[in-house]
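Enquirer: Structure supplied as structure.txt; contents: compact mmCIF, C-alpha atoms and all ligand atoms.
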# COMPACT_ATOMS: atom_id res chain seq x y z
CA MET A 26 -25.32 18.20 72.13
CA PRO A 27 -25.66 18.61 75.85
CA THR A 28 -27.09 21.69 77.51
CA LEU A 29 -24.33 24.25 78.08
CA PHE A 30 -24.06 26.80 80.85
CA LYS A 31 -21.56 29.46 81.82
CA TYR A 32 -21.23 32.70 83.72
CA ASP A 33 -21.40 35.80 81.54
CA LYS A 34 -22.85 38.74 83.51
CA GLY A 35 -25.49 36.30 84.70
CA ILE A 36 -25.82 32.56 84.30
CA LYS A 37 -26.41 31.66 80.69
CA PHE A 38 -27.93 28.37 79.61
CA LEU A 39 -27.86 27.17 76.03
CA LYS A 40 -30.25 24.39 75.07
CA LYS A 41 -29.23 22.37 72.05
CA PRO A 42 -30.17 21.73 69.28
CA GLU A 43 -32.66 24.61 69.31
CA ASN A 44 -30.06 27.17 70.45
CA LEU A 45 -32.46 28.48 73.05
CA THR A 46 -30.70 30.83 75.47
CA LEU A 47 -31.91 31.60 78.96
CA ILE A 48 -30.17 33.86 81.45
CA ALA A 49 -30.62 33.86 85.22
CA ASP A 50 -29.97 37.02 87.26
CA PRO A 51 -28.33 39.11 84.51
CA THR A 52 -26.27 41.88 86.08
CA THR A 53 -27.07 44.36 83.29
CA VAL A 54 -30.00 44.80 80.91
CA LYS A 55 -27.55 44.39 78.03
CA ALA A 56 -26.40 40.97 79.27
CA ALA A 57 -29.92 39.67 78.67
CA GLU A 58 -30.43 41.29 75.28
CA ASN A 59 -29.67 38.37 73.00
CA CYS A 60 -31.36 35.81 75.20
CA ASP A 61 -34.79 34.28 74.69
CA ALA A 62 -35.80 34.97 78.29
CA ALA A 63 -34.37 36.13 81.61
CA LEU A 64 -35.20 34.79 85.05
CA ILE A 65 -34.75 36.85 88.19
CA THR A 66 -34.44 35.13 91.56
CA HIS A 67 -35.01 38.14 93.82
CA ALA A 68 -35.21 41.90 94.11
CA HIS A 69 -31.69 42.78 95.34
CA THR A 70 -30.12 44.89 92.63
CA ASP A 71 -27.10 42.63 92.08
CA HIS A 72 -29.67 40.14 90.69
CA SER A 73 -32.57 42.19 89.38
CA LEU A 74 -31.32 44.95 87.07
CA ALA A 75 -33.01 43.41 84.01
CA PHE A 76 -36.49 44.15 85.40
CA PRO A 77 -36.80 47.47 83.55
CA ASN A 78 -35.90 46.42 80.00
CA GLU A 79 -37.15 46.88 76.47
CA GLY A 80 -38.47 43.66 75.09
CA ILE A 81 -36.81 40.85 77.03
CA ARG A 82 -39.24 38.42 78.58
CA VAL A 83 -38.53 38.30 82.32
CA TYR A 84 -39.82 35.63 84.69
CA SER A 85 -39.97 36.19 88.43
CA THR A 86 -42.32 36.07 91.39
CA GLU A 87 -44.78 38.95 91.60
CA VAL A 88 -43.43 39.95 95.02
CA SER A 89 -39.88 40.28 93.63
CA SER A 90 -41.17 42.66 90.98
CA GLN A 91 -43.04 44.75 93.59
CA LEU A 92 -40.02 44.85 95.88
CA PHE A 93 -37.79 45.93 92.99
CA GLU A 94 -40.15 48.84 92.31
CA GLY A 95 -40.19 49.80 96.00
CA LEU A 96 -36.43 49.57 96.27
CA THR A 97 -35.47 51.42 93.09
CA ALA A 98 -38.55 53.55 92.25
CA LYS A 99 -38.19 52.12 88.70
CA LYS A 100 -40.95 50.26 86.86
CA THR A 101 -40.53 46.63 85.89
CA LYS A 102 -41.44 45.73 82.29
CA ASN A 103 -42.33 42.63 80.27
CA THR A 104 -42.50 40.54 83.41
CA ARG A 105 -44.38 37.25 83.62
CA PHE A 106 -45.17 36.28 87.14
CA VAL A 107 -44.39 32.77 88.25
CA GLU A 108 -45.84 31.22 91.39
CA LEU A 109 -43.53 29.43 93.77
CA ASN A 110 -43.58 25.61 93.63
CA LYS A 111 -45.44 25.50 90.30
CA THR A 112 -43.93 24.29 87.07
CA THR A 113 -43.80 26.79 84.19
CA ASN A 114 -42.72 26.33 80.60
CA ILE A 115 -40.34 28.82 79.06
CA SER A 116 -40.09 28.00 75.34
CA ASP A 117 -40.13 24.24 75.95
CA VAL A 118 -37.93 24.25 79.04
CA GLU A 119 -39.71 23.37 82.25
CA VAL A 120 -38.68 25.48 85.21
CA LYS A 121 -39.81 25.63 88.79
CA LEU A 122 -39.22 28.45 91.27
CA ILE A 123 -38.93 27.21 94.85
CA PRO A 124 -38.52 29.25 98.07
CA ALA A 125 -35.01 30.53 98.79
CA GLY A 126 -35.60 32.17 102.18
CA HIS A 127 -33.33 35.26 102.09
CA LEU A 128 -36.08 37.81 101.51
CA LEU A 129 -39.74 37.92 100.62
CA GLY A 130 -40.51 36.43 97.20
CA ALA A 131 -36.94 35.14 96.73
CA ALA A 132 -36.69 31.97 94.67
CA GLN A 133 -34.27 29.30 93.64
CA ILE A 134 -34.71 28.12 90.06
CA VAL A 135 -34.84 24.48 89.02
CA PHE A 136 -34.36 23.95 85.26
CA TYR A 137 -35.48 20.65 83.77
CA PHE A 138 -33.45 20.35 80.58
CA ASP A 139 -33.74 17.06 78.64
CA ASP A 140 -30.30 15.91 79.73
CA LEU A 141 -29.75 17.80 82.98
CA THR A 142 -31.69 19.02 85.98
CA ILE A 143 -30.00 22.17 87.24
CA CYS A 144 -30.77 24.09 90.41
CA TYR A 145 -29.54 27.67 90.84
CA THR A 146 -29.99 28.93 94.39
CA GLY A 147 -29.83 32.70 93.85
CA ASP A 148 -29.19 33.91 97.42
CA ILE A 149 -30.46 31.58 100.14
CA SER A 150 -30.98 31.28 103.84
CA THR A 151 -31.80 27.96 105.43
CA ASP A 152 -32.99 29.29 108.78
CA GLU A 153 -36.70 29.73 109.52
CA MET A 154 -37.15 33.46 110.20
CA LEU A 155 -40.05 35.77 111.04
CA THR A 156 -40.36 37.22 107.54
CA VAL A 157 -39.10 34.34 105.38
CA PRO A 158 -39.33 30.56 105.39
CA ARG A 159 -36.20 28.43 105.13
CA ALA A 160 -34.91 27.62 101.65
CA ALA A 161 -36.65 24.61 100.15
CA VAL A 162 -34.66 21.56 99.10
CA PRO A 163 -35.52 20.58 95.50
CA GLU A 164 -37.76 17.50 95.41
CA ASP A 165 -36.12 16.11 92.30
CA ASP A 166 -32.64 14.67 91.86
CA ILE A 167 -30.33 17.53 90.94
CA ASP A 168 -27.48 16.92 88.50
CA ILE A 169 -25.93 20.37 88.74
CA LEU A 170 -26.22 22.68 91.73
CA ILE A 171 -25.14 26.28 91.22
CA THR A 172 -24.97 27.67 94.73
CA GLU A 173 -24.26 31.09 96.15
CA ALA A 174 -21.13 31.29 98.34
CA THR A 175 -21.40 34.83 99.79
CA TYR A 176 -20.21 33.67 103.22
CA GLY A 177 -18.71 30.36 102.09
CA LYS A 178 -15.55 30.62 104.18
CA GLU A 179 -15.05 28.64 107.36
CA ASP A 180 -13.41 31.27 109.55
CA LEU A 181 -16.23 33.83 109.27
CA PHE A 182 -17.94 33.73 112.61
CA PHE A 183 -21.71 33.98 112.91
CA ASP A 184 -23.63 33.53 116.13
CA SER A 185 -27.12 32.06 115.84
CA ARG A 186 -29.62 34.58 114.47
CA GLU A 187 -31.65 34.34 117.68
CA LYS A 188 -28.62 35.29 119.73
CA ILE A 189 -27.72 38.25 117.50
CA LYS A 190 -31.32 39.50 117.58
CA GLY A 191 -31.13 39.25 121.38
CA SER A 192 -28.00 41.40 121.46
CA ILE A 193 -29.59 44.01 119.16
CA LEU A 194 -32.57 44.14 121.52
CA LYS A 195 -30.34 44.54 124.57
CA TRP A 196 -28.31 47.31 122.93
CA VAL A 197 -31.50 49.16 121.90
CA ALA A 198 -33.00 48.90 125.40
CA GLU A 199 -29.78 50.02 127.13
CA ASN A 200 -29.46 53.08 124.91
CA LEU A 201 -33.08 54.07 125.36
CA GLN A 202 -32.56 53.82 129.10
CA MET A 203 -29.64 56.24 128.76
CA LYS A 204 -31.92 58.58 126.75
CA LYS A 205 -29.95 57.99 123.57
CA VAL A 206 -31.75 57.30 120.28
CA PRO A 207 -30.41 54.03 118.83
CA VAL A 208 -29.62 54.60 115.14
CA ILE A 209 -29.03 51.43 113.14
CA ASN A 210 -27.57 51.19 109.64
CA ILE A 211 -29.13 48.16 107.95
CA GLY A 212 -29.88 46.84 104.43
CA HIS A 213 -33.16 48.30 103.11
CA LEU A 214 -34.50 45.06 101.86
CA GLY A 215 -34.52 41.83 103.82
CA ALA A 216 -32.63 42.46 107.04
CA ALA A 217 -34.53 45.69 107.83
CA GLN A 218 -37.91 43.94 107.67
CA GLU A 219 -36.71 40.96 109.72
CA ILE A 220 -35.36 43.25 112.46
CA ILE A 221 -38.49 45.46 112.39
CA ALA A 222 -40.67 42.35 112.77
CA TYR A 223 -38.52 41.17 115.67
CA LEU A 224 -38.44 44.54 117.49
CA ASN A 225 -42.21 44.95 116.94
CA GLU A 226 -42.69 41.60 118.62
CA MET A 227 -40.38 42.30 121.56
CA LEU A 228 -40.68 45.99 122.44
CA SER A 229 -43.29 48.68 122.39
CA ILE A 230 -41.22 51.34 120.59
CA ASP A 231 -41.54 53.60 117.54
CA ILE A 232 -39.38 52.56 114.61
CA TYR A 233 -38.50 55.28 112.09
CA CYS A 234 -37.24 54.49 108.57
CA ASP A 235 -36.60 56.33 105.33
CA ASN A 236 -39.09 56.45 102.49
CA ARG A 237 -37.55 53.60 100.49
CA THR A 238 -37.58 51.17 103.41
CA SER A 239 -41.15 52.25 104.02
CA GLU A 240 -42.15 51.36 100.42
CA ILE A 241 -40.58 47.94 100.89
CA ASN A 242 -42.31 47.46 104.23
CA LYS A 243 -45.65 48.06 102.50
CA VAL A 244 -45.04 45.09 100.21
CA TYR A 245 -44.35 42.91 103.27
CA LEU A 246 -47.51 44.26 104.90
CA ASN A 247 -49.56 43.34 101.79
CA GLU A 248 -48.14 39.85 101.99
CA GLY A 249 -49.41 39.44 105.55
CA HIS A 250 -46.42 40.56 107.63
CA ASN A 251 -47.78 42.89 110.24
CA LEU A 252 -44.88 45.36 110.35
CA GLN A 253 -45.27 48.64 112.23
CA TRP A 254 -43.08 51.60 111.42
CA ASN A 255 -43.05 55.37 110.77
CA ARG A 256 -41.31 57.53 108.19
CA PHE A 257 -38.78 59.95 109.60
CA ASP A 258 -39.02 62.24 106.57
CA LEU A 259 -42.64 62.95 107.61
CA LEU A 260 -41.74 63.47 111.24
CA ASN A 261 -42.51 66.65 113.06
CA ASP A 262 -39.76 66.93 115.68
CA SER A 263 -42.20 67.61 118.51
CA GLU A 264 -43.75 64.16 117.88
CA LEU A 265 -40.50 62.29 118.49
CA LYS A 266 -40.60 60.43 121.79
CA VAL A 267 -36.90 60.20 122.46
CA GLU A 268 -37.21 57.64 125.23
CA ARG A 269 -38.99 55.13 122.98
CA SER A 270 -37.82 55.69 119.40
CA ILE A 271 -35.26 54.02 117.21
CA VAL A 272 -34.12 55.03 113.72
CA LEU A 273 -33.10 52.77 110.84
CA LEU A 274 -30.81 54.18 108.15
CA PRO A 275 -29.66 52.65 104.85
CA ARG A 276 -26.63 50.42 105.34
CA ALA A 277 -24.17 52.80 103.66
CA ALA A 278 -25.55 56.04 105.15
CA LYS A 279 -22.85 58.15 106.78
CA GLU A 280 -24.81 61.32 107.49
CA ILE A 281 -27.53 61.30 110.07
CA PRO A 282 -30.87 62.95 109.23
CA GLU A 283 -31.30 66.57 110.35
CA PHE A 284 -33.88 65.83 113.05
CA LEU A 285 -31.43 63.64 114.97
CA LYS A 286 -28.85 66.40 115.30
CA SER A 287 -30.47 67.86 118.40
CA HIS A 288 -30.59 64.49 120.19
CA LYS A 289 -28.11 62.18 121.83
CA ILE A 290 -27.70 59.10 119.66
CA SER A 291 -25.86 55.81 119.61
CA ARG A 292 -24.91 54.21 116.30
CA GLY A 293 -24.99 50.54 115.39
CA ILE A 294 -24.81 48.59 112.15
CA VAL A 295 -26.42 45.30 111.16
CA THR A 296 -24.63 43.47 108.34
CA GLY A 297 -23.25 40.01 107.67
CA GLN A 298 -20.05 41.76 106.61
CA ALA A 299 -19.43 42.45 110.32
CA SER A 300 -18.13 38.86 110.37
CA ARG A 301 -15.24 40.13 108.22
CA PHE A 302 -14.75 43.80 109.06
CA ALA A 303 -14.56 45.79 112.29
CA TYR A 304 -16.86 48.77 111.48
CA SER A 305 -15.04 50.84 114.07
CA SER A 306 -17.00 54.04 113.34
CA PHE A 307 -20.02 52.34 114.95
CA GLU A 308 -20.40 51.61 118.63
CA GLN A 309 -21.77 48.17 117.86
CA ALA A 310 -21.69 45.98 114.75
CA PHE A 311 -24.06 43.01 114.60
CA SER A 312 -23.21 40.28 112.11
CA PHE A 313 -26.76 39.37 111.28
CA SER A 314 -27.29 38.13 107.75
CA MET A 315 -30.14 36.95 105.54
CA HIS A 316 -27.59 34.76 103.73
CA ALA A 317 -26.78 31.22 104.80
CA ASN A 318 -23.41 31.03 106.56
CA CYS A 319 -20.74 28.51 105.57
CA ASN A 320 -22.03 25.63 107.71
CA GLU A 321 -25.60 26.22 106.59
CA LEU A 322 -24.54 26.29 102.92
CA LEU A 323 -22.57 23.09 103.36
CA GLU A 324 -25.49 21.34 105.03
CA TYR A 325 -27.75 22.47 102.19
CA VAL A 326 -25.37 21.11 99.51
CA LYS A 327 -25.12 17.83 101.45
CA VAL A 328 -28.91 17.41 101.54
CA VAL A 329 -29.36 18.28 97.85
CA ASN A 330 -26.52 15.86 97.04
CA PRO A 331 -25.99 16.84 93.38
CA GLN A 332 -23.59 15.24 90.88
CA LYS A 333 -21.65 18.47 90.51
CA VAL A 334 -21.55 21.80 92.32
CA TYR A 335 -20.61 25.19 90.90
CA THR A 336 -20.14 28.07 93.34
CA LEU A 337 -20.88 31.71 92.70
CA TYR A 338 -20.54 35.08 94.49
CA GLY A 339 -18.42 35.89 97.56
CA PHE A 340 -16.04 33.11 98.60
CA ASP A 341 -16.67 30.91 95.58
CA SER A 342 -13.17 29.33 95.50
CA ASP A 343 -13.00 28.73 99.25
CA PHE A 344 -16.45 27.20 99.33
CA ALA A 345 -15.77 24.93 96.34
CA ALA A 346 -12.66 23.66 98.16
CA ILE A 347 -14.67 23.01 101.34
CA ILE A 348 -17.27 21.03 99.37
CA ARG A 349 -14.56 18.93 97.71
CA GLN A 350 -12.88 18.26 101.05
CA LYS A 351 -15.87 17.61 103.25
CA LEU A 352 -18.49 16.20 100.90
CA LYS A 353 -16.16 14.61 98.32
CA LEU A 354 -18.22 16.10 95.51
CA PHE A 355 -17.04 17.71 92.29
CA ALA A 356 -17.08 21.45 93.01
CA ARG A 357 -15.57 24.48 91.35
CA PRO A 358 -16.31 28.19 90.99
CA LEU A 359 -18.63 28.89 88.07
CA LYS A 360 -16.43 31.81 87.05
CA MET A 361 -13.21 29.77 86.93
CA SER A 362 -11.53 30.26 83.59
CA LYS A 363 -11.15 26.53 82.91
CA ASN A 364 -14.88 26.33 83.03
CA ARG A 365 -15.40 28.95 80.37
CA LEU A 366 -16.57 27.63 77.06
CA THR A 367 -14.93 28.50 73.80
CA LEU A 368 -16.99 30.71 71.55
CA GLU A 369 -17.47 27.80 69.16
CA GLU A 370 -18.83 25.61 71.93
CA PHE A 371 -21.25 28.26 73.07
CA LEU A 372 -22.48 29.31 69.65
ZN ZN B 1 -29.79 38.97 97.80
ZN ZN B 2 -26.80 38.67 96.01
Could you render the structure as structure tokens?

Expert:
Amino acid sequence: MPTLFKYDKGIKFLKKPENLTLIADPTTVKAAENCDAALITHAHTDHSLAFPNEGIRVYSTEVSSQLFEGLTAKKTKNTRFVELNKTTNISDVEVKLIPAGHLLGAAQIVFYFDDLTICYTGDISTDEMLTVPRAAVPEDDIDILITEATYGKEDLFFDSREKIKGSILKWVAENLQMKKVPVINIGHLGAAQEIIAYLNEMLSIDIYCDNRTSEINKVYLNEGHNLQWNRFDLLNDSELKVERSIVLLPRAAKEIPEFLKSHKISRGIVTGQASRFAYSSFEQAFSFSMHANCNELLEYVKVVNPQKVYTLYGFDSDFAAIIRQKLKLFARPLKMSKNRLTLEEFL
């Protein structure tokens, strides 16, 4: 019997004849419950909710586990740490975690089953950035590539990351000149650290963040990223130097913190979703993303050159169609019903 795989609140792999079940990035703790082990690619909570569980063996990088704790203030349990680029055995299956870019500690997983070598990307970025390397290309021949497709649609427009960073810098400087505090909504984990690192490098200003972002920044600091920031919840208003301060808020935050209410501010948002939506309640929206865009994803698939591609997350159908058209490879969404196995096949 060949190795089987399917999407079921995570990517489930069934190794025959032993009936060994592994799950990658389960979206609930329950989804992992009947599996022999779970693997977690990175700390974003759409991938990492199985970290605090009772009794399921979880494999991840140590940094992902630390970032999860910083992000959620929950403790991880039963986790075995796996180093990047080293082969590990999980009940007879060899696996290797390789860099995914995207955020610190993020990994792609290569599974070496007897009959198939499968690579699951998790979330990837293929651009070299200040806080993350580019995603690695697996060294071995890959039979099945399961790739993310968050921005896998051709008409989503992304400028180069350097150019977007440049426009964020310009916007910040212009507002400071007008004595307005730039307030930027941005994802806690990944984008915030990349933009802090960039602004630290370019401008001598004080960056204020919330407590959660600060906990995440500490993990980056421990890993050798020299980020400089302050916590606004510890701020005494008389310390705020309005002409040289910027404030970062969680991406979904609508309310501004109390201390800002007596100052003139200007609001911006940093999110890849700005390639799709207008964000008209902000003065500026910057479509900066720690995910590969469509062209970058396509280039990555081309270089890996697998036998078959399955797409997952975001524009999975659109991206599968683009792969079929442009690379002439077998490609379909992992969640497509035709791909689902019958119960008999899976059990
Ligand atoms: Zn992610
Ligand atoms: Zn994700």

Enquirer: Please produce, as CSV, a per-residue contact table for chain A versus ligand ZN 2 (chain B) (criterion: any atom at most 7 Å away, all atoms listed in the file considered), showing the nearest atom pair and its distance in Å to one decimal, sorted by chain then residue number.

Expert:
residue,atom,partner,partner_atom,distance
A:His69,CA,B:ZN2,ZN,6.4
A:Asp71,CA,B:ZN2,ZN,5.6
A:His72,CA,B:ZN2,ZN,6.2
A:Asp148,CA,B:ZN2,ZN,5.5

Enquirer: Write out as number ranges by chain each polymer residue whose atoms come within 9 Å of region 161-166 of chain A, counting all atoms listed in the file; drop sequence neighbours fewer than 6 positions from it.

Expert: A: 123-126, 133, 135, 142, 144, 151, 325, 328-331

Enquirer: Mind pulling up the distance from CA of Gly339 (chain A) to CA of Tyr176 (chain A)?

Expert: 6.3 Å

Enquirer: Please indicate the distance in Å from CA of Ser116 (chain A) to CA of Leu170 (chain A), rounded to one decimal place.

Expert: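 Straight-line distance from CA of Ser116 (chain A) to CA of Leu170 (chain A) works out to 22.1 Å.
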
Enquirer: Can I get the residues close to ligand ZN 1 (chain B) as a list in words, where close means within 9 Å and we count all atoms listed in the file?

Expert: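 Within the 9 Å cut-off, the matching residues are Thr66, His67, Ala68, His69, Thr70, Asp71, His72, His127, Leu128, Ala131, Gly147, Asp148, Ile149, Leu214, Gly215, Met315 and His316 of chain A.
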
Enquirer: Work out how far apart CA of Ile290 (chain A) and CA of Asn210 (chain A) are and give it in Å to one decimal.

Expert: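 Distance reported for this atom pair: 12.8 Å.
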
Enquirer: Taking only C-alpha atoms into account, which of A:Leu337, A:Leu359, A:Ala216, A:Ala75 comes nearest Pro51 (chain A)?

Expert: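 Ranking A:Leu337, A:Leu359, A:Ala216, A:Ala75 by distance to Pro51 (chain A), first place goes to A:Ala75.
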
Enquirer: For each of A:Lys286, A:Lys37, A:Arg159, A:Lys279, take the minimum atom-to-atom distance to Tyr145 (chain A), counting all atoms listed in the file, then give the residue where this is smallest.

Expert: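 Result for the nearest residue to Tyr145 (chain A): A:Lys37.
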
Enquirer: Here is a test: counting only C-alpha atoms, which residue of A:Thr156, A:Ser270, A:Thr97, A:Ser90 is nearest to Ala217 (chain A)?

Expert: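 Of all the options, A:Thr156 lies closest to Ala217 (chain A).
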
Enquirer: Near region 103-113 of chain A, counting all atoms listed in the file, which residues have an atom at most 6 Å away, once you skip same-chain residues fewer than 6 positions from it, shown as a list in words?

Expert: Arg82, Val83, Tyr84, Ser85, Thr86, Glu87, Glu119, Val120, Lys121, Leu122 and Ile123 of chain A

Enquirer: I need the residue nearest Met227 (chain A) from this list: A:Leu352, A:Val197, A:Ile81, A:Leu29. Use all atoms listed in the file for the distance.

Expert: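 Among the listed residues, A:Val197 lies closest to Met227 (chain A).
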
Enquirer: Contacts between region 228-252 of chain A and region 79-192 of chain A, please, where a residue of region 79-192 of chain A counts if it comes within 9 Å (with all atoms listed in the file); show its shortest atom pair and distance in Å to one decimal, rows by chain and ascending number, as CSV.

Expert:
residue,atom,partner,partner_atom,distance
A:Val88,CA,A:Val244,CA,7.5
A:Gln91,CA,A:Val244,CA,6.9
A:Leu92,CA,A:Ile241,CA,5.9
A:Phe93,CA,A:Ile241,CA,8.6
A:Glu94,CA,A:Ile241,CA,8.6
A:Gly95,CA,A:Glu240,CA,5.1
A:Leu96,CA,A:Arg237,CA,5.9
A:Thr97,CA,A:Arg237,CA,8.0
A:Ala98,CA,A:Arg237,CA,8.3
A:Leu129,CA,A:Tyr245,CA,7.3
A:Leu155,CA,A:His250,CA,8.7
A:Thr156,CA,A:His250,CA,6.9

Enquirer: Tell me which residues come within 9 Å of (-32.7, 19.1, 71.3), as number ranges by chain, counting all atoms listed in the file in the file's coordinates.

Expert: A: 26-28, 40-44, 139

Enquirer: Taking all atoms listed in the file into account, which of A:Phe284, A:Gln218, A:Phe302, A:Ala56 comes nearest Leu259 (chain A)?

Expert: A:Phe284

Enquirer: Which residues, protein or nucleic acid, reach to within 10 Å of (-33.8, 39.2, 119.0) in the file's coordinates when using all atoms listed in the file, and can you give that as a ChimeraX atom specification?

Expert: /A:186-195,219-220,222-224,226-227
